[in-house]
Amino acid sequence: MNEFSVLYDDVCQRVSRSLMEALKPFDGIDTVATHGGYNPVYLEEVGRPVVPPITLSSTFQQLSPGVAKVIRSGNFSRECLEKCIASLEDGHDCCVFSSGLAALGTLIQVLSSDDHIVAFDDLYGGNGRYLRRLASKSGITTTFVDMRDLNLFQQALQKNTRLVLIESPSNPLMRLVDISAVASIAHEFNKEIIVVVDNTFMSSYFQRPLDHGANVVLHSLTKYMNGHSDVVMGALVTRNQPELHKQLRFIQYAAGAVPSPFDCMLCLRGLRTLPIRMKAHMRNGLIVAMMLEKHPLVERVLHPGLESFPQRDIIAKQMRGFSGMITVYLRCTGEQTKTFITNLKVIALPYMDDINVLKEL
């Protein structure tokens, strides 16, 4: 055996031990992913189809004068997906949207002019851009703070703070936020503050922020949840907060930020394989991270499964595993980094995480 094969076999053995220690799926979540959101008895009259049919109609016959329905207000395909995602997050209600940013935009519209947001300072670029360039036009201000420091977070809260936005792990630096600690501080300061966690990098399979005090979970379903790079969607999941959910529904209806029935079908189909995919992402990501950590031209690897990861106490507290996202610091110039990325054979250039492997510079 060559040196690489010996190293690979050693890493695989270490990964197998790590997975046994770290992978602790939520009770029943595999079944929820496979069957959630739909029961064949819903359609008894047409023979109980195992797969929910796509309802594509955009126009509906009025039941009586003045009693009308439009697709923006609801759709069977969308409702099946929303029920499944709500169950996966151990939530009560879910709204799905035409993108993750449409979901965030809908949530921001719950706020009023002169309201204040505290956001993690390591956010997905699109979320940060929305807060800086669009929310600000409505008179909503945002303070970006490193929430790993709870004292800094507490100092950032203001009398008019209405929303706290967390991303854990963060994009792209894989920083973790103690969700329960931040939620506790925020709600002690003002119980009306809406604590939101972007759960895109973990998926519902490995982390349930609502169980740790969050009010809302935000997803870009485009990534792990759908998992096949053929859908652009987002979601907001709430705890048992009917008034907040009612507000989100109205804004979605009024603004028209709804996904197509076909996209809902594709995403629900993607969720059926979520457990299998996430376990594979976890294993393969950790193998790659461990191999990279041993390479002489790699300065640093950030992956929650590595023993060198700095926030392992938070992993044990709120995560049931970890996805395949990896951040790598190379010992080379910018041009050499571009050459390295260009020469990768399996990993594609576009962007993020699905059943394929993607990279970003």
# chains A, B, ... in the order shown; residues from 1 in each chain; ligands from 1
call {"tool": "select_by_dssp", "arguments": {"residues": "region 228-263 of chain A", "states": "helix (DSSP H, G or I)", "output": "MDAnalysis selection string"}}
result
chainID A and resid 242:255 261:263
call {"tool": "write_last_selection", "arguments": {"atoms": "C-alpha atoms", "output": "PDB file, in the first residue's frame"}}
result
ATOM      1  CA  PRO A 242     -50.188  31.631  15.997  1.00  0.00           C
ATOM      2  CA  GLU A 243     -50.132  35.435  15.812  1.00  0.00           C
ATOM      3  CA  LEU A 244     -46.620  35.537  14.368  1.00  0.00           C
ATOM      4  CA  HIS A 245     -47.462  32.783  11.899  1.00  0.00           C
ATOM      5  CA  LYS A 246     -50.629  34.645  10.905  1.00  0.00           C
ATOM      6  CA  GLN A 247     -48.564  37.776  10.199  1.00  0.00           C
ATOM      7  CA  LEU A 248     -46.092  35.817   8.090  1.00  0.00           C
ATOM      8  CA  ARG A 249     -48.916  34.215   6.110  1.00  0.00           C
ATOM      9  CA  PHE A 250     -50.538  37.557   5.385  1.00  0.00           C
ATOM     10  CA  ILE A 251     -47.280  39.178   4.262  1.00  0.00           C
ATOM     11  CA  GLN A 252     -46.505  36.193   2.052  1.00  0.00           C
ATOM     12  CA  TYR A 253     -49.970  36.395   0.493  1.00  0.00           C
ATOM     13  CA  ALA A 254     -49.858  40.166   0.045  1.00  0.00           C
ATOM     14  CA  ALA A 255     -46.312  40.242  -1.350  1.00  0.00           C
ATOM     15  CA  PRO A 261     -46.289  23.670  -6.735  1.00  0.00           C
ATOM     16  CA  PHE A 262     -43.731  21.853  -8.877  1.00  0.00           C
ATOM     17  CA  ASP A 263     -40.840  23.172  -6.781  1.00  0.00           C
TER      18      ASP A 263
END
call {"tool": "residues_around", "arguments": {"residues": "region 119-131 of chain A", "least_positions_apart": "3", "cutoff": "10 Å", "atoms": "only C-alpha atoms", "output": "CSV table (one decimal) with C-alpha atoms, in the first residue's frame"}}
result
chain,number,residue,atom,x,y,z
A,100,GLY,CA,-34.4,31.9,1.4
A,101,LEU,CA,-34.0,35.7,1.0
A,104,LEU,CA,-36.0,36.7,5.4
A,105,GLY,CA,-37.6,39.6,3.7
A,108,ILE,CA,-38.3,41.6,8.3
A,116,HIS,CA,-33.7,47.4,15.8
A,134,LEU,CA,-32.9,47.0,2.1
A,135,ALA,CA,-34.1,46.8,5.7
A,136,SER,CA,-32.4,50.1,6.4
A,137,LYS,CA,-34.5,51.8,3.8
A,140,ILE,CA,-34.9,49.4,10.5
A,141,THR,CA,-31.4,49.5,12.0
A,142,THR,CA,-29.0,46.6,12.5
A,143,THR,CA,-26.1,46.1,14.9
A,144,PHE,CA,-23.7,43.3,13.8
A,145,VAL,CA,-22.0,41.7,16.7
A,146,ASP,CA,-19.9,38.6,17.5
A,147,MET,CA,-22.4,36.6,19.4
A,148,ARG,CA,-19.8,34.1,20.6
A,153,PHE,CA,-24.4,40.5,22.5
A,156,ALA,CA,-25.9,45.4,21.7
A,163,LEU,CA,-35.3,40.7,16.3
A,164,VAL,CA,-32.1,38.7,16.8
A,165,LEU,CA,-30.6,36.9,13.8
A,166,ILE,CA,-28.3,34.0,14.4
A,167,GLU,CA,-26.5,31.8,11.9
A,168,SER,CA,-24.9,28.7,13.4
A,169,PRO,CA,-22.7,27.3,12.0
A,170,SER,CA,-21.9,30.5,10.1
A,171,ASN,CA,-21.2,30.9,6.4
A,172,PRO,CA,-18.3,30.8,5.7
A,173,LEU,CA,-16.2,30.6,8.8
A,174,MET,CA,-18.1,27.8,10.6
A,175,ARG,CA,-18.5,29.8,13.8
A,176,LEU,CA,-21.0,28.5,16.3
A,177,VAL,CA,-23.4,30.5,18.5
A,195,VAL,CA,-35.0,35.1,18.0
A,196,VAL,CA,-34.3,33.7,14.5
A,198,ASP,CA,-30.6,30.3,10.1
A,200,THR,CA,-29.2,26.1,6.5
call {"tool": "closest_residue", "arguments": {"among": "A:Ser204, A:Ser138, A:Asn39, A:Thr59", "to": "Pro25 (chain A)", "atoms": "only C-alpha atoms"}}
result
A:Ser204
call {"tool": "closest_atom_pairs", "arguments": {"of": "region 177-272 of chain A", "to": "region 79-94 of chain A", "cutoff": "7 Å", "atoms": "only C-alpha atoms", "output": "CSV"}}
result
residue,atom,partner,partner_atom,distance
A:Ser204,CA,A:Glu89,CA,5.5
A:Arg208,CA,A:Glu89,CA,5.5
A:Leu210,CA,A:Gly91,CA,6.9
A:Ala235,CA,A:Cys94,CA,6.9
A:Leu236,CA,A:Cys94,CA,5.6
A:Val237,CA,A:Cys94,CA,4.3
A:Thr238,CA,A:Asp93,CA,5.4
A:Arg239,CA,A:Gly91,CA,5.0
A:Asn240,CA,A:His92,CA,5.3
A:His245,CA,A:Asp93,CA,6.9
A:Cys264,CA,A:Leu81,CA,6.3
A:Leu268,CA,A:Leu81,CA,5.4
call {"tool": "write_last_selection", "arguments": {"atoms": "C-alpha atoms", "output": "mmCIF file, in the first residue's frame"}}
result
data_model
loop_
_atom_site.group_PDB
_atom_site.id
_atom_site.type_symbol
_atom_site.label_atom_id
_atom_site.label_comp_id
_atom_site.auth_asym_id
_atom_site.auth_seq_id
_atom_site.Cartn_x
_atom_site.Cartn_y
_atom_site.Cartn_z
ATOM 1 C CA SER A 204 -33.219 19.916 10.417
ATOM 2 C CA ARG A 208 -33.352 21.963 15.993
ATOM 3 C CA LEU A 210 -36.636 25.732 18.413
ATOM 4 C CA ALA A 235 -38.779 28.421 4.771
ATOM 5 C CA LEU A 236 -39.737 29.907 8.133
ATOM 6 C CA VAL A 237 -40.724 27.538 10.939
ATOM 7 C CA THR A 238 -42.300 28.839 14.147
ATOM 8 C CA ARG A 239 -43.048 27.450 17.563
ATOM 9 C CA ASN A 240 -46.623 27.592 18.816
ATOM 10 C CA HIS A 245 -47.462 32.783 11.899
ATOM 11 C CA CYS A 264 -42.706 22.128 -3.629
ATOM 12 C CA LEU A 268 -40.639 17.244 -0.600
#
call {"tool": "residues_around", "arguments": {"residues": "Ile276 (chain A)", "least_positions_apart": "3", "cutoff": "12 Å", "atoms": "only C-alpha atoms", "output": "PyMOL selection string"}}
result
chain A and resi 25+29-31+33-34+205+224-225+227+270-273+279-283+323+355
call {"tool": "closest_residue", "arguments": {"among": "A:Val346, A:Cys332, A:Ser99, A:Leu306", "to": "Ser220 (chain A)", "atoms": "only C-alpha atoms"}}
result
A:Ser99
call {"tool": "decode", "arguments": {"residues": "region 166-299 of chain A", "atoms": "C-alpha atoms", "output": "JSON list (two decimals), in the first residue's frame"}}
result
[["chain", "number", "residue", "atom", "x", "y", "z"],
["A", 166, "ILE", "CA", -28.26, 33.99, 14.42],
["A", 167, "GLU", "CA", -26.46, 31.76, 11.94],
["A", 168, "SER", "CA", -24.86, 28.66, 13.44],
["A", 169, "PRO", "CA", -22.66, 27.30, 12.00],
["A", 170, "SER", "CA", -21.91, 30.49, 10.11],
["A", 171, "ASN", "CA", -21.16, 30.94, 6.44],
["A", 172, "PRO", "CA", -18.27, 30.80, 5.66],
["A", 173, "LEU", "CA", -16.17, 30.64, 8.85],
["A", 174, "MET", "CA", -18.08, 27.82, 10.61],
["A", 175, "ARG", "CA", -18.45, 29.84, 13.81],
["A", 176, "LEU", "CA", -20.98, 28.54, 16.34],
["A", 177, "VAL", "CA", -23.39, 30.51, 18.49],
["A", 178, "ASP", "CA", -24.80, 29.16, 21.75],
["A", 179, "ILE", "CA", -28.46, 29.35, 20.72],
["A", 180, "SER", "CA", -29.99, 28.72, 24.14],
["A", 181, "ALA", "CA", -27.72, 31.27, 25.84],
["A", 182, "VAL", "CA", -28.45, 34.00, 23.28],
["A", 183, "ALA", "CA", -32.19, 33.25, 23.31],
["A", 184, "SER", "CA", -32.26, 33.35, 27.10],
["A", 185, "ILE", "CA", -30.47, 36.72, 27.25],
["A", 186, "ALA", "CA", -32.70, 38.18, 24.54],
["A", 187, "HIS", "CA", -35.96, 37.01, 26.09],
["A", 188, "GLU", "CA", -34.89, 38.10, 29.57],
["A", 189, "PHE", "CA", -34.21, 41.56, 28.12],
["A", 190, "ASN", "CA", -37.57, 41.61, 26.31],
["A", 191, "LYS", "CA", -39.79, 38.57, 25.92],
["A", 192, "GLU", "CA", -41.22, 40.04, 22.70],
["A", 193, "ILE", "CA", -37.88, 39.81, 20.85],
["A", 194, "ILE", "CA", -38.04, 37.34, 17.96],
["A", 195, "VAL", "CA", -34.98, 35.08, 18.00],
["A", 196, "VAL", "CA", -34.29, 33.68, 14.53],
["A", 197, "VAL", "CA", -31.76, 30.98, 13.64],
["A", 198, "ASP", "CA", -30.61, 30.33, 10.09],
["A", 199, "ASN", "CA", -30.31, 26.53, 10.10],
["A", 200, "THR", "CA", -29.24, 26.13, 6.47],
["A", 201, "PHE", "CA", -25.74, 24.76, 7.12],
["A", 202, "MET", "CA", -27.00, 22.08, 9.52],
["A", 203, "SER", "CA", -30.43, 21.13, 8.16],
["A", 204, "SER", "CA", -33.22, 19.92, 10.42],
["A", 205, "TYR", "CA", -31.49, 16.55, 10.65],
["A", 206, "PHE", "CA", -28.61, 17.73, 12.82],
["A", 207, "GLN", "CA", -29.99, 20.75, 14.69],
["A", 208, "ARG", "CA", -33.35, 21.96, 15.99],
["A", 209, "PRO", "CA", -33.04, 25.58, 17.15],
["A", 210, "LEU", "CA", -36.64, 25.73, 18.41],
["A", 211, "ASP", "CA", -35.68, 23.20, 21.08],
["A", 212, "HIS", "CA", -33.08, 25.69, 22.34],
["A", 213, "GLY", "CA", -35.31, 28.73, 22.73],
["A", 214, "ALA", "CA", -35.45, 30.18, 19.21],
["A", 215, "ASN", "CA", -38.78, 31.56, 18.00],
["A", 216, "VAL", "CA", -38.19, 31.06, 14.28],
["A", 217, "VAL", "CA", -36.01, 28.81, 12.14],
["A", 218, "LEU", "CA", -34.94, 30.14, 8.75],
["A", 219, "HIS", "CA", -33.90, 27.85, 5.89],
["A", 220, "SER", "CA", -32.61, 28.22, 2.41],
["A", 221, "LEU", "CA", -34.23, 25.00, 1.21],
["A", 222, "THR", "CA", -32.15, 25.36, -1.94],
["A", 223, "LYS", "CA", -29.21, 23.77, -0.13],
["A", 224, "TYR", "CA", -29.23, 20.62, 2.03],
["A", 225, "MET", "CA", -32.97, 20.30, 2.58],
["A", 226, "ASN", "CA", -33.78, 19.89, -1.12],
["A", 227, "GLY", "CA", -30.33, 18.58, -1.89],
["A", 228, "HIS", "CA", -30.51, 18.23, -5.67],
["A", 229, "SER", "CA", -29.63, 21.70, -7.06],
["A", 230, "ASP", "CA", -32.92, 21.99, -8.93],
["A", 231, "VAL", "CA", -35.01, 24.20, -6.61],
["A", 232, "VAL", "CA", -34.72, 27.73, -5.18],
["A", 233, "MET", "CA", -36.83, 27.95, -2.01],
["A", 234, "GLY", "CA", -36.84, 29.14, 1.59],
["A", 235, "ALA", "CA", -38.78, 28.42, 4.77],
["A", 236, "LEU", "CA", -39.74, 29.91, 8.13],
["A", 237, "VAL", "CA", -40.72, 27.54, 10.94],
["A", 238, "THR", "CA", -42.30, 28.84, 14.15],
["A", 239, "ARG", "CA", -43.05, 27.45, 17.56],
["A", 240, "ASN", "CA", -46.62, 27.59, 18.82],
["A", 241, "GLN", "CA", -46.97, 31.30, 18.01],
["A", 242, "PRO", "CA", -50.19, 31.63, 16.00],
["A", 243, "GLU", "CA", -50.13, 35.43, 15.81],
["A", 244, "LEU", "CA", -46.62, 35.54, 14.37],
["A", 245, "HIS", "CA", -47.46, 32.78, 11.90],
["A", 246, "LYS", "CA", -50.63, 34.65, 10.90],
["A", 247, "GLN", "CA", -48.56, 37.78, 10.20],
["A", 248, "LEU", "CA", -46.09, 35.82, 8.09],
["A", 249, "ARG", "CA", -48.92, 34.21, 6.11],
["A", 250, "PHE", "CA", -50.54, 37.56, 5.39],
["A", 251, "ILE", "CA", -47.28, 39.18, 4.26],
["A", 252, "GLN", "CA", -46.50, 36.19, 2.05],
["A", 253, "TYR", "CA", -49.97, 36.39, 0.49],
["A", 254, "ALA", "CA", -49.86, 40.17, 0.05],
["A", 255, "ALA", "CA", -46.31, 40.24, -1.35],
["A", 256, "GLY", "CA", -46.68, 37.08, -3.42],
["A", 257, "ALA", "CA", -43.47, 35.42, -2.22],
["A", 258, "VAL", "CA", -44.74, 31.90, -2.93],
["A", 259, "PRO", "CA", -42.98, 28.92, -4.54],
["A", 260, "SER", "CA", -44.46, 26.96, -7.42],
["A", 261, "PRO", "CA", -46.29, 23.67, -6.73],
["A", 262, "PHE", "CA", -43.73, 21.85, -8.88],
["A", 263, "ASP", "CA", -40.84, 23.17, -6.78],
["A", 264, "CYS", "CA", -42.71, 22.13, -3.63],
["A", 265, "MET", "CA", -43.04, 18.61, -5.00],
["A", 266, "LEU", "CA", -39.33, 18.47, -5.83],
["A", 267, "CYS", "CA", -38.34, 19.70, -2.37],
["A", 268, "LEU", "CA", -40.64, 17.24, -0.60],
["A", 269, "ARG", "CA", -39.14, 14.47, -2.69],
["A", 270, "GLY", "CA", -35.69, 15.68, -1.67],
["A", 271, "LEU", "CA", -36.63, 15.52, 2.01],
["A", 272, "ARG", "CA", -37.44, 11.82, 1.65],
["A", 273, "THR", "CA", -33.71, 11.13, 1.36],
["A", 274, "LEU", "CA", -32.53, 13.78, 3.85],
["A", 275, "PRO", "CA", -31.37, 11.27, 6.52],
["A", 276, "ILE", "CA", -29.35, 9.21, 4.05],
["A", 277, "ARG", "CA", -27.81, 12.26, 2.42],
["A", 278, "MET", "CA", -26.87, 14.02, 5.66],
["A", 279, "LYS", "CA", -25.21, 10.92, 7.09],
["A", 280, "ALA", "CA", -23.15, 10.64, 3.90],
["A", 281, "HIS", "CA", -22.28, 14.35, 3.99],
["A", 282, "MET", "CA", -21.19, 13.97, 7.60],
["A", 283, "ARG", "CA", -18.95, 10.98, 6.91],
["A", 284, "ASN", "CA", -17.44, 12.24, 3.67],
["A", 285, "GLY", "CA", -16.95, 15.78, 4.95],
["A", 286, "LEU", "CA", -15.08, 14.52, 8.00],
["A", 287, "ILE", "CA", -12.85, 12.27, 5.89],
["A", 288, "VAL", "CA", -11.92, 15.19, 3.63],
["A", 289, "ALA", "CA", -11.36, 17.49, 6.64],
["A", 290, "MET", "CA", -9.06, 14.99, 8.37],
["A", 291, "MET", "CA", -7.09, 14.36, 5.18],
["A", 292, "LEU", "CA", -6.66, 18.07, 4.55],
["A", 293, "GLU", "CA", -5.58, 18.69, 8.14],
["A", 294, "LYS", "CA", -2.59, 16.40, 7.56],
["A", 295, "HIS", "CA", -1.50, 18.05, 4.30],
["A", 296, "PRO", "CA", 1.68, 20.18, 4.54],
["A", 297, "LEU", "CA", 0.23, 22.96, 2.34],
["A", 298, "VAL", "CA", -2.88, 23.34, 4.50],
["A", 299, "GLU", "CA", -2.57, 25.90, 7.28]]
